[in-house]
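Before any comments, here is the structure.
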Number of protein chains: 2
Amino acid sequence: MALAHGANSLFSGRVVALAGGVGGAKLAHGLAQLLPPEQLSIIVNTGDDFEHLGLLICPDVDTVLYNLAGVNHPQQGWGRADESFHVLDEARRLGHDAWFLLGDKDIALHLMRRQWLDAGLSLTEITSRLAQRLGVWHPVLPMSDEPVRTVIHTPAGDLPFQEYFVQQRCRPRMMGMTLRGLEKARPTPAVMSALQQADLIVLCPSNPYVSIGPILALPGVREAVAARPAVAVSPIIGGRALKGPAAKMMAEMEAEVSALGVARHYAGLVRGFVLDASDAPLADDIAGLEIIPLVTDTIMRDVRERRRLAAEILAFAQDQLLREVV
Amino acid sequence: MALAHGANSLFSGRVVALAGGVGGAKLAHGLAQLLPPEQLSIIVNTGDDFEHLGLLICPDVDTVLYNLAGVNHPQQGWGRADESFHVLDEARRLGHDAWFLLGDKDIALHLMRRQWLDAGLSLTEITSRLAQRLGVWHPVLPMSDEPVRTVIHTPAGDLPFQEYFVQQRCRPRMMGMTLRGLEKARPTPAVMSALQQADLIVLCPSNPYVSIGPILALPGVREAVAARPAVAVSPIIGGRALKGPAAKMMAEMEAEVSALGVARHYAGLVRGFVLDASDAPLADDIAGLEIIPLVTDTIMRDVRERRRLAAEILAFAQDQLLREVV
């Protein structure tokens, strides 16, 4: 955080990151190290949310919170560092099918959320309280206060996202997806206001279908993103996803499994696209989509690399994307 | 449990124990060691229940479950043995005012309850499931499936029971009490059926106002108890309560703080009354209330003494109380 203010010269405007999953949380953390809270908001997917063990689990929101707070598990991509599992061990003894792992610290946060939900607070208000108590000062904004639940269509039937993702380990073939509850859901006022005031919108290297897709599907969001300078970061490197089912889903949805396929997915929505150096040969084709490519090392192996990638994206946006905007 | 069947000669009929708090759980455990599940049901106070940290806490039900399962904390009178507090420690860091102590194992049980409540199960069904999973085979019956909440009137205003009991450590003077929700609450069918089929009803050494009182206050329960042979065990020994505010409350409610005062409280309801050997001089006055006294050692220092007291009560009932019943 010491760098935050000194780094303002990198980018002087307001940035909004759209995030979901581990890659999104990493880049959001990189941006948060460079930009002060008044210059960066993070809009997070809630399509992965589900009720489990009497709790509302918000995997993407919590992954962003934990990463920004620096209390995330350093390797596994979910949950807390220095975690124990005493509650889950006992719940198992009481007959709980513990296919979704919740550590004791994680459960503490979920109990706070549960009690505030019961008291009538919105997910946005609750997330803001949790963020503050974790020492996170950047706005972390759930995409909606109404429940939206991603359901994956498979040959074996419809699977709620976490059952597909965790319980079935993404093995069933994806034939399509539905966002249950979308018809009643709206983006929050905080989300719309952040988008409308954004000088740059960053689509983090998150799954285009199940992480970024639900955010863009909310009424008015796609239009709001398209109206501002936006840059997407490819979650596909060398034809593979670093983590999660993005590559498998793209293949099953008959998209080209490459950074180019991702760029095509976002064509018309973004002005810039960040792809990994190992995919450099695709840059010309991406430019052919009227998207300005940035070729760089996009793998964030440690906290320093998160910051480095964030800085490159901000510099690229400042130099290449905002020139056209008055 | 090995004794359960061999001990049937002690008492051949059906027994119902009314319990709340630690003394009640101890005697219920003593009875459960002597009687098989088809001969003993335990009806438990739910007036102490409250919502906390997003969970429904049922202190009396859980104390009975934990004691019958043999997993209770051996000294402190609440919670589990071999307990850790990782969730609560983290919840505190997140701003939770942890005035009510919930261990990790305890929280696991509460999460199971919470999830089953959300799924629409009744407290009776949930308690039965939890009992089975803890290896408790005697029916443990919450007095009602509708919420009843004991509120203590004090000079500083009305206090929900747990705030009075735990947060304020029973310091405020009790001026009276209300059972919030009583007008909408009914005893469960399982409770009424157990009472109506009982050959003996045992009012455990629990607080007459806040533990036994709420059970008796439910419509039809007092009459059902009065219609069967019943025996009460004094929670007051030598003018003091072993645990909890019973003595202080009796003084504040202008009752005589003694086993005799407790017997007067239950006059017209019970045929037998068990008082401690140290209170033997009061036996004649109790007999004067047309209640047959049993003078014995009523302090249950260990598991063996729980069983011993239970056996004496059953023998006393068989010999002294049931003679009049055909």
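Order determines the names: the first chain of the structure tokens is A, the second B, and so forth; residues in each chain are numbered 1 upward, and ligands are numbered 1 upward as they are shown.
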Taking the DSSP secondary structure from the backbone, can you list the residues of segment 61-236 of chain B that are strand (DSSP E or B), as an MDAnalysis selection string?
chainID B and resid 72 80 140:142 144 149:154 157:160 176:180 187 200:203 230:233 236
At a cut-off of 8 Å, can you tabulate as a tab-separated table every residue of chain A near chain B together with its closest atom pair and the distance in Å to one decimal, using only C-alpha atoms and ordering rows by chain then number?
residue	atom	partner	partner_atom	distance
A:His52	CA	B:Gln115	CA	7.5
A:Leu53	CA	B:Gln115	CA	5.4
A:Gly54	CA	B:Gln115	CA	3.8
A:Leu55	CA	B:Gln115	CA	7.6
A:Ser84	CA	B:His86	CA	7.7
A:His86	CA	B:Asp104	CA	6.0
A:Val87	CA	B:Ala108	CA	4.9
A:Leu88	CA	B:Ala108	CA	6.7
A:Glu90	CA	B:Lys105	CA	5.6
A:Ala91	CA	B:Ala108	CA	4.9
A:Arg93	CA	B:Arg133	CA	7.5
A:Leu94	CA	B:Arg133	CA	5.3
A:Gly95	CA	B:Arg133	CA	6.9
A:His96	CA	B:Met112	CA	7.5
A:Asp104	CA	B:Val87	CA	5.0
A:Lys105	CA	B:Val87	CA	5.5
A:Ile107	CA	B:Val87	CA	6.6
A:Ala108	CA	B:Ala91	CA	4.9
A:Leu109	CA	B:Ala91	CA	6.5
A:Leu111	CA	B:Gly54	CA	5.7
A:Met112	CA	B:Leu53	CA	6.3
A:Arg113	CA	B:Gly54	CA	8.0
A:Arg114	CA	B:Gly54	CA	5.1
A:Gln115	CA	B:Gly54	CA	3.8
A:Trp116	CA	B:Gly54	CA	7.6
A:Asp118	CA	B:Gly54	CA	6.9
A:Leu130	CA	B:Leu94	CA	7.0
A:Arg133	CA	B:Leu94	CA	5.3
A:Leu134	CA	B:Leu94	CA	6.9
Which residues are near Val295 of chain A? Cut-off 8 Å, only C-alpha atoms, ignore same chain within fewer than 6 positions. Put them as number ranges by chain.
A: 274-277, 279-280, 283
Keeping only C-alpha atoms, write the selected residues as a compact mmCIF listing (two decimals), in the first residue's frame.
# COMPACT_ATOMS: atom_id res chain seq x y z
CA VAL A 274 -3.81 -7.96 -22.91
CA LEU A 275 -2.36 -11.29 -24.00
CA ASP A 276 0.58 -13.29 -22.81
CA ALA A 277 3.95 -13.04 -24.51
CA ASP A 279 0.66 -15.84 -27.50
CA ALA A 280 2.37 -12.94 -29.29
CA ALA A 283 -1.62 -10.02 -31.65
Check your understanding: Which of these, B:Pro187, B:Pro139, B:Gly239, B:Gly120, has the shortest distance to Leu40 of chain B once you count only C-alpha atoms?
Key ->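 For Leu40 of chain B, the nearest of the given residues is B:Pro139.
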Check your understanding: Which one of B:Pro189, B:Pro293, B:Gly20, B:Pro74 sits closest to Gly213 of chain B if you count only C-alpha atoms?
Key ->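 Checking each of B:Pro189, B:Pro293, B:Gly20, B:Pro74 against Gly213 of chain B, counting only C-alpha atoms, the winner is B:Gly20.
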Test item: residues at most 7 Å from segment 307-315 of chain B, only C-alpha atoms, excluding those fewer than 4 positions along its chain, as a PDB file with N, CA and C atoms, in the first residue's frame:
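Listing of out_32.pdb after writing:
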ATOM      1  N   LEU B  10     -36.092 -51.288  38.395  1.00  0.00           N
ATOM      2  CA  LEU B  10     -36.240 -50.102  39.234  1.00  0.00           C
ATOM      3  C   LEU B  10     -37.586 -49.437  39.025  1.00  0.00           C
ATOM      4  N   PHE B  11     -37.970 -49.357  37.765  1.00  0.00           N
ATOM      5  CA  PHE B  11     -39.183 -48.633  37.418  1.00  0.00           C
ATOM      6  C   PHE B  11     -39.674 -49.189  36.099  1.00  0.00           C
ATOM      7  N   LEU B  27     -29.531 -34.611  35.745  1.00  0.00           N
ATOM      8  CA  LEU B  27     -30.484 -35.622  36.210  1.00  0.00           C
ATOM      9  C   LEU B  27     -31.078 -36.387  35.021  1.00  0.00           C
ATOM     10  N   GLY B  30     -28.714 -38.950  34.258  1.00  0.00           N
ATOM     11  CA  GLY B  30     -28.819 -40.033  35.241  1.00  0.00           C
ATOM     12  C   GLY B  30     -29.971 -40.971  34.909  1.00  0.00           C
ATOM     13  N   LEU B  31     -31.120 -40.400  34.597  1.00  0.00           N
ATOM     14  CA  LEU B  31     -32.289 -41.215  34.238  1.00  0.00           C
ATOM     15  C   LEU B  31     -32.023 -42.008  32.958  1.00  0.00           C
ATOM     16  N   GLN B  33     -29.343 -43.208  31.933  1.00  0.00           N
ATOM     17  CA  GLN B  33     -28.465 -44.352  32.189  1.00  0.00           C
ATOM     18  C   GLN B  33     -29.239 -45.542  32.752  1.00  0.00           C
ATOM     19  N   THR B 298     -28.595 -34.674  47.016  1.00  0.00           N
ATOM     20  CA  THR B 298     -29.058 -34.293  45.667  1.00  0.00           C
ATOM     21  C   THR B 298     -27.957 -33.673  44.812  1.00  0.00           C
ATOM     22  N   VAL B 303     -20.786 -38.588  37.162  1.00  0.00           N
ATOM     23  CA  VAL B 303     -21.771 -39.354  36.398  1.00  0.00           C
ATOM     24  C   VAL B 303     -22.420 -40.432  37.260  1.00  0.00           C
ATOM     25  N   ASP B 319     -42.298 -46.671  45.045  1.00  0.00           N
ATOM     26  CA  ASP B 319     -42.765 -47.068  46.377  1.00  0.00           C
ATOM     27  C   ASP B 319     -43.806 -46.121  46.959  1.00  0.00           C
TER      28      ASP B 319
END
Atomic separation - atom CA of His153 of chain B relative to atom CA of Met175 of chain B, Å: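 Atom CA of His153 of chain B lies at a distance of 5.3 Å from atom CA of Met175 of chain B.
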Taking 5 positions as the minimum chain separation for residues in the same chain, which residues sit within 12 Å of Gln75 of chain B when counting only C-alpha atoms? Answer as a PyMOL selection string.
chain B and resi 22+67+80-82+243+301-302
Next on the checklist: Among segment 233-272 of chain B, which ones does DSSP assign to helix (DSSP H, G or I) (computed from the backbone)? Answer as a count of residues only.
Outcome noted: 14
Residues within 8 Å of segment 59-62 of chain B, only C-alpha atoms, excluding chain neighbours under 5 positions, as a PyMOL selection string | chain B and resi 19-22+25+44-46+48-49+78-79+127+140+142
message: If we count only C-alpha atoms and set the cut-off at 10 Å, which residues sit around segment 227-233 of chain B, ignoring sequence neighbours fewer than 4 positions away in its own chain? Please answer as a PyMOL selection string.
response: chain B and resi 15-18+23-24+27+195-206+208+221-223+259+262-263+266+269-276+291-294+298+313-314+316-317+321-322+324-325
Convert the current residue selection to file output with N, CA and C atoms, as a tab-separated table (two decimals), in the first residue's frame.
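For reference, result26.tsv as written:
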chain	number	residue	atom	x	y	z
B	15	VAL	N	-41.35	-42.59	31.93
B	15	VAL	CA	-40.93	-41.42	32.69
B	15	VAL	C	-40.73	-40.25	31.73
B	16	VAL	N	-41.18	-39.10	32.15
B	16	VAL	CA	-40.90	-37.88	31.39
B	16	VAL	C	-40.16	-36.93	32.33
B	17	ALA	N	-39.02	-36.44	31.90
B	17	ALA	CA	-38.28	-35.44	32.68
B	17	ALA	C	-38.48	-34.07	32.05
B	18	LEU	N	-38.74	-33.08	32.88
B	18	LEU	CA	-38.77	-31.69	32.40
B	18	LEU	C	-37.44	-31.07	32.80
B	23	GLY	N	-28.40	-28.50	35.92
B	23	GLY	CA	-28.92	-29.49	36.86
B	23	GLY	C	-29.90	-30.42	36.18
B	24	GLY	N	-30.74	-29.85	35.34
B	24	GLY	CA	-31.71	-30.65	34.61
B	24	GLY	C	-31.03	-31.64	33.69
B	27	LEU	N	-29.53	-34.61	35.75
B	27	LEU	CA	-30.48	-35.62	36.21
B	27	LEU	C	-31.08	-36.39	35.02
B	195	LEU	N	-46.38	-36.55	27.86
B	195	LEU	CA	-46.94	-36.22	29.18
B	195	LEU	C	-48.16	-37.09	29.48
B	196	GLN	N	-49.01	-37.25	28.48
B	196	GLN	CA	-50.25	-38.00	28.72
B	196	GLN	C	-50.00	-39.48	28.97
B	197	GLN	N	-48.91	-39.99	28.40
B	197	GLN	CA	-48.59	-41.41	28.60
B	197	GLN	C	-47.65	-41.65	29.77
B	198	ALA	N	-47.25	-40.57	30.44
B	198	ALA	CA	-46.24	-40.72	31.49
B	198	ALA	C	-46.81	-41.42	32.72
B	199	ASP	N	-46.02	-42.36	33.27
B	199	ASP	CA	-46.36	-42.94	34.56
B	199	ASP	C	-45.73	-42.11	35.68
B	200	LEU	N	-44.72	-41.36	35.31
B	200	LEU	CA	-44.06	-40.48	36.27
B	200	LEU	C	-43.47	-39.29	35.52
B	201	ILE	N	-43.69	-38.13	36.09
B	201	ILE	CA	-43.08	-36.92	35.54
B	201	ILE	C	-42.09	-36.37	36.57
B	202	VAL	N	-40.87	-36.13	36.13
B	202	VAL	CA	-39.82	-35.63	37.02
B	202	VAL	C	-39.50	-34.19	36.65
B	203	LEU	N	-39.74	-33.27	37.59
B	203	LEU	CA	-39.31	-31.89	37.38
B	203	LEU	C	-37.87	-31.81	37.90
B	204	CYS	N	-36.94	-31.71	36.97
B	204	CYS	CA	-35.51	-31.77	37.32
B	204	CYS	C	-35.11	-30.55	38.16
B	205	PRO	N	-33.95	-30.64	38.82
B	205	PRO	CA	-33.49	-29.51	39.64
B	205	PRO	C	-33.03	-28.34	38.78
B	206	SER	N	-33.99	-27.73	38.12
B	206	SER	CA	-33.73	-26.59	37.24
B	206	SER	C	-34.45	-25.39	37.83
B	208	PRO	N	-36.98	-22.86	38.77
B	208	PRO	CA	-38.44	-22.96	38.67
B	208	PRO	C	-39.07	-21.89	37.78
B	221	VAL	N	-50.06	-27.79	29.43
B	221	VAL	CA	-48.97	-28.57	30.03
B	221	VAL	C	-49.13	-28.70	31.54
B	222	ARG	N	-49.41	-27.59	32.22
B	222	ARG	CA	-49.57	-27.65	33.67
B	222	ARG	C	-50.66	-28.68	34.04
B	223	GLU	N	-51.76	-28.65	33.32
B	223	GLU	CA	-52.86	-29.57	33.59
B	223	GLU	C	-52.42	-31.01	33.33
B	259	ALA	N	-35.64	-25.06	49.96
B	259	ALA	CA	-36.35	-26.17	49.34
B	259	ALA	C	-37.84	-26.05	49.63
B	262	VAL	N	-39.40	-23.76	47.17
B	262	VAL	CA	-39.57	-24.43	45.87
B	262	VAL	C	-40.78	-25.36	45.93
B	263	ALA	N	-40.90	-26.12	47.04
B	263	ALA	CA	-42.03	-27.04	47.18
B	263	ALA	C	-43.35	-26.27	47.15
B	266	TYR	N	-44.37	-25.48	43.72
B	266	TYR	CA	-44.92	-26.59	42.95
B	266	TYR	C	-46.12	-27.25	43.63
B	269	LEU	N	-49.13	-29.37	42.16
B	269	LEU	CA	-48.68	-29.90	40.87
B	269	LEU	C	-47.96	-31.24	41.05
B	270	VAL	N	-47.23	-31.39	42.14
B	270	VAL	CA	-46.42	-32.60	42.34
B	270	VAL	C	-46.86	-33.35	43.59
B	271	ARG	N	-46.69	-34.68	43.53
B	271	ARG	CA	-47.00	-35.51	44.70
B	271	ARG	C	-45.77	-35.78	45.55
B	272	GLY	N	-44.61	-35.68	44.91
B	272	GLY	CA	-43.37	-35.97	45.62
B	272	GLY	C	-42.39	-34.81	45.46
B	273	PHE	N	-41.45	-34.71	46.41
B	273	PHE	CA	-40.47	-33.63	46.35
B	273	PHE	C	-39.16	-34.14	46.93
B	274	VAL	N	-38.09	-33.92	46.20
B	274	VAL	CA	-36.78	-34.41	46.62
B	274	VAL	C	-35.96	-33.23	47.12
B	275	LEU	N	-35.53	-33.33	48.37
B	275	LEU	CA	-34.70	-32.25	48.91
B	275	LEU	C	-33.41	-32.83	49.47
B	276	ASP	N	-32.43	-31.95	49.57
B	276	ASP	CA	-31.11	-32.42	49.99
B	276	ASP	C	-31.09	-32.76	51.47
B	291	ILE	N	-47.30	-33.00	50.12
B	291	ILE	CA	-46.29	-33.47	49.18
B	291	ILE	C	-45.40	-34.45	49.96
B	292	ILE	N	-45.15	-35.61	49.38
B	292	ILE	CA	-44.31	-36.59	50.07
B	292	ILE	C	-42.84	-36.25	49.84
B	293	PRO	N	-42.10	-36.01	50.92
B	293	PRO	CA	-40.70	-35.64	50.73
B	293	PRO	C	-39.78	-36.86	50.64
B	294	LEU	N	-38.74	-36.72	49.81
B	294	LEU	CA	-37.62	-37.67	49.81
B	294	LEU	C	-36.37	-36.88	50.16
B	298	THR	N	-28.59	-34.67	47.02
B	298	THR	CA	-29.06	-34.29	45.67
B	298	THR	C	-27.96	-33.67	44.81
B	313	ILE	N	-34.77	-41.59	42.99
B	313	ILE	CA	-36.04	-40.94	42.64
B	313	ILE	C	-37.01	-41.97	42.06
B	314	LEU	N	-36.50	-42.83	41.18
B	314	LEU	CA	-37.38	-43.85	40.58
B	314	LEU	C	-37.90	-44.81	41.65
B	316	PHE	N	-38.22	-44.23	44.87
B	316	PHE	CA	-39.14	-43.43	45.69
B	316	PHE	C	-40.50	-43.33	45.01
B	317	ALA	N	-40.48	-43.04	43.72
B	317	ALA	CA	-41.74	-42.90	42.98
B	317	ALA	C	-42.49	-44.22	42.97
B	321	LEU	N	-45.17	-42.91	45.42
B	321	LEU	CA	-46.07	-42.04	44.66
B	321	LEU	C	-47.09	-42.81	43.83
B	322	LEU	N	-46.70	-44.00	43.37
B	322	LEU	CA	-47.59	-44.69	42.43
B	322	LEU	C	-48.57	-45.61	43.13
B	324	GLU	N	-50.93	-44.92	45.01
B	324	GLU	CA	-52.32	-44.40	44.95
B	324	GLU	C	-52.94	-44.58	43.57
B	325	VAL	N	-52.08	-44.69	42.55
B	325	VAL	CA	-52.60	-44.79	41.19
B	325	VAL	C	-52.92	-46.25	40.88
Between A:Thr63, A:Ser211, A:Ser258, A:Ser128, which one has atoms that come closest to Gly244 of chain A, using only C-alpha atoms?
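Using only C-alpha atoms, the shortest distance to Gly244 of chain A belongs to A:Ser211.
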